[in-house]
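Undergrad: Following this message is one structure expressed as structure tokens.
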Amino acid sequence: MEHRILIIEDNTTFANLLKEALMMEGFSVDIAGSLAGSKKLLRNTRALWDVAILDLRLPDGNGAELIPLLRQIGVDVLVLTAHGGVEEAVKCTKLGAYNFFTKPIEMEQFVVEIRRIVEKRQLEARLKEVTPGALDKLLGNSQAIARIKELIKKVAPKKVSVLITGESGTGKELVARAIHELSGRSNFVAVNCGAIPETLFESELFGYEKGAFTGASSSKPGKIELADGGTLFLDEISELPPSLQVKLLRFLETSELERLGSTKPVKVDVRVITATNRDLTELVKEGKFREDLYFRLKVLEINIPPLRERKEDISLLAVYFLKKAVEEFGLRPLEFSDEALSFLTSQPWPGNVRELKNTIYSAAIRTTGSTITPEVFTEGIDEPNKENAESPLRLEEVEKRHIKNVLENVGWNVKRAAELLGISRSTLYAKMKKWEIEK
């Protein structure tokens, strides 16, 4: 794809020099030498420029007049002036200029800046191309999923903190990624706070300088810095140690951080999305989570209901996962019997969507025919007693028996059982303790 640059500069020698440097980099370049000439060009041409290089001192007026016109048609503006001043730079920035340079410029560095802007625009264009499919990954016909999709569309363009809540396996990271993809921001950096040892938390999130601790042989940016210009997703935020809660709060308030072993603040532009399967309000009451941080993170909360509360989504998800399993494992075409879909819909799915996916994948591999029947699932799942299907106590009993069956099938390998159930090991241990499930 050809990238076009517009130079608005009355010094023809400098303009031609700049044009030559840009053309050597593969850019297509147009030149205008006055305010009137630029306005005429903007009115009459259909060229789509990526960047305009604008000199403020034009023979017939102030070039700053052109900034809003250029921004209206989506052109990024780099301002040039031989009389640089803070007030002038601030004024141009407020009008929409991308950056401000004082003459004489270092040509090589200036061309690098233009290349960087063009690459940023390419990335944004790619993100817009994938935008229509961002929400398609959130499968479901339920009102709950429709409501979540609407919330995502509303919040995505706004740089506000979002807290995603829901049980393990409901798809919290999927929602976070959908928000990110619709936001137009650059990279997505995910951090599982429950998987980082407490002693490494600070260096992982905030980075460190050379010599900050034994073994720090070189400086390293943390996850927050790596997400600069993009989205930082903090999963299992409830596991963040108290000392790091204070530091994260300070970062959210100032957008500045200090690496471990440094007192120099680093400015970072990050959109923070967090997720948890625990009740943060209870943790706040217990003094385990800072209330001020909780409110900072929860500018908007998106709650994903468990699969048992949106049973109308189960059949759609099951068919989707079966199709994916066939594609990924190179299997012959498979389908569910009506009884199999009814059976799946009747289950409590304590591990939610993740558990359903694992169950379907397992069934697809194990089945010998072309149709999956309920019998394929009965090794790992007990069908609930229909008389008591609506009883909360009965639901817990079904979940208890299901977990015990899975543990028995994997020889009481807790790690493997947790993977099949689609829950973390800590969650599985908690459920085993709660229901006194023992070998």
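Ligands are numbered from 1 in the order shown, chains are lettered A, B, ... in the order of the structure tokens, and residues start at 1 in each chain.
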Tell me which protein, DNA and RNA residues are within 12 Å of Ala32 in chain A, counting only C-alpha atoms, leaving out same-chain ones fewer than 4 positions away, and put them as a compact mmCIF listing (two decimals) with C-alpha atoms, in the first residue's frame.

TA:
# COMPACT_ATOMS: atom_id res chain seq x y z
CA ILE A 5 2.88 12.64 2.73
CA LEU A 6 1.82 16.28 2.29
CA ILE A 7 4.51 18.95 2.84
CA ILE A 8 3.19 22.47 3.49
CA GLU A 9 6.30 24.65 3.38
CA ASP A 10 7.15 27.94 1.61
CA ASN A 11 10.92 27.28 1.61
CA THR A 12 11.18 25.36 -1.68
CA ALA A 15 10.66 21.25 0.93
CA ASN A 16 12.43 19.55 -1.99
CA LYS A 19 10.61 15.35 -0.38
CA ALA A 36 -4.32 29.40 0.09
CA GLY A 37 -2.60 26.73 -1.99
CA SER A 38 -3.03 24.18 0.79
CA LYS A 39 -6.75 24.92 1.18
CA LYS A 40 -7.23 24.63 -2.58
CA LEU A 41 -5.40 21.30 -2.56
CA LEU A 42 -7.56 20.04 0.30
CA ALA A 52 1.09 16.39 6.79
CA ILE A 53 4.34 18.25 7.58
CA LEU A 54 3.21 21.78 8.34
CA ASP A 55 5.30 24.95 8.60
CA LEU A 58 3.49 30.71 5.65
CA PRO A 59 3.58 33.80 3.39
CA GLY A 63 -0.32 27.41 9.17
CA LEU A 66 -4.87 24.09 8.63

Undergrad: Excluding Lys439 in chain A and residues on its chain fewer than 5 positions from it, collect all residues at most 9 Å away from it, counting only C-alpha atoms, and give them as a ChimeraX atom specification.

TA: /A:404,407-408,412

Undergrad: Residues of range 167-204 of chain A that approach range 248-263 of chain A to 10 Å or less, counting only C-alpha atoms: could you list each one with the shortest pair of atoms and its distance in Å to one decimal, rows by chain and increasing residue number, as CSV?

TA:
residue,atom,partner,partner_atom,distance
A:Glu202,CA,A:Leu260,CA,7.3
A:Ser203,CA,A:Leu260,CA,6.3
A:Glu204,CA,A:Leu260,CA,9.7

Undergrad: Restricting the output to N, CA and C atoms, write the selected residues as a JSON list (two decimals), in the first residue's frame.

TA:
[["chain", "number", "residue", "atom", "x", "y", "z"],
["A", 202, "GLU", "N", 6.55, -7.37, 42.12],
["A", 202, "GLU", "CA", 6.92, -5.99, 41.83],
["A", 202, "GLU", "C", 7.79, -5.90, 40.59],
["A", 203, "SER", "N", 8.80, -6.76, 40.47],
["A", 203, "SER", "CA", 9.69, -6.70, 39.31],
["A", 203, "SER", "C", 8.95, -7.09, 38.02],
["A", 204, "GLU", "N", 7.98, -8.02, 38.12],
["A", 204, "GLU", "CA", 7.22, -8.43, 36.94],
["A", 204, "GLU", "C", 6.32, -7.32, 36.43]]

Undergrad: Rounded to one decimal, what separation in Å do you get between CA of His402 in chain A and CA of Glu239 in chain A?

TA: 27.3 Å

Undergrad: Could you please determine the separation between CA of Ala190 in chain A and CA of Phe233 in chain A in Å, to one decimal place?

TA: 4.6 Å

Undergrad: Near range 318-334 of chain A, within 10 Å and counting only C-alpha atoms, which residues show up once chain neighbours fewer than 5 positions away are dropped, as a list of chain:residue names?

TA: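 Those residues are A:Leu139, A:Asp313, A:Leu341, A:Leu344, A:Thr345, A:Val353, A:Leu356, A:Lys357, A:Asn358, A:Thr359, A:Ile360, A:Tyr361, A:Ser362, A:Ala363, A:Ala364, A:Ile365, A:Thr367, A:Gly369, A:Ser370, A:Thr371, A:Ile372.
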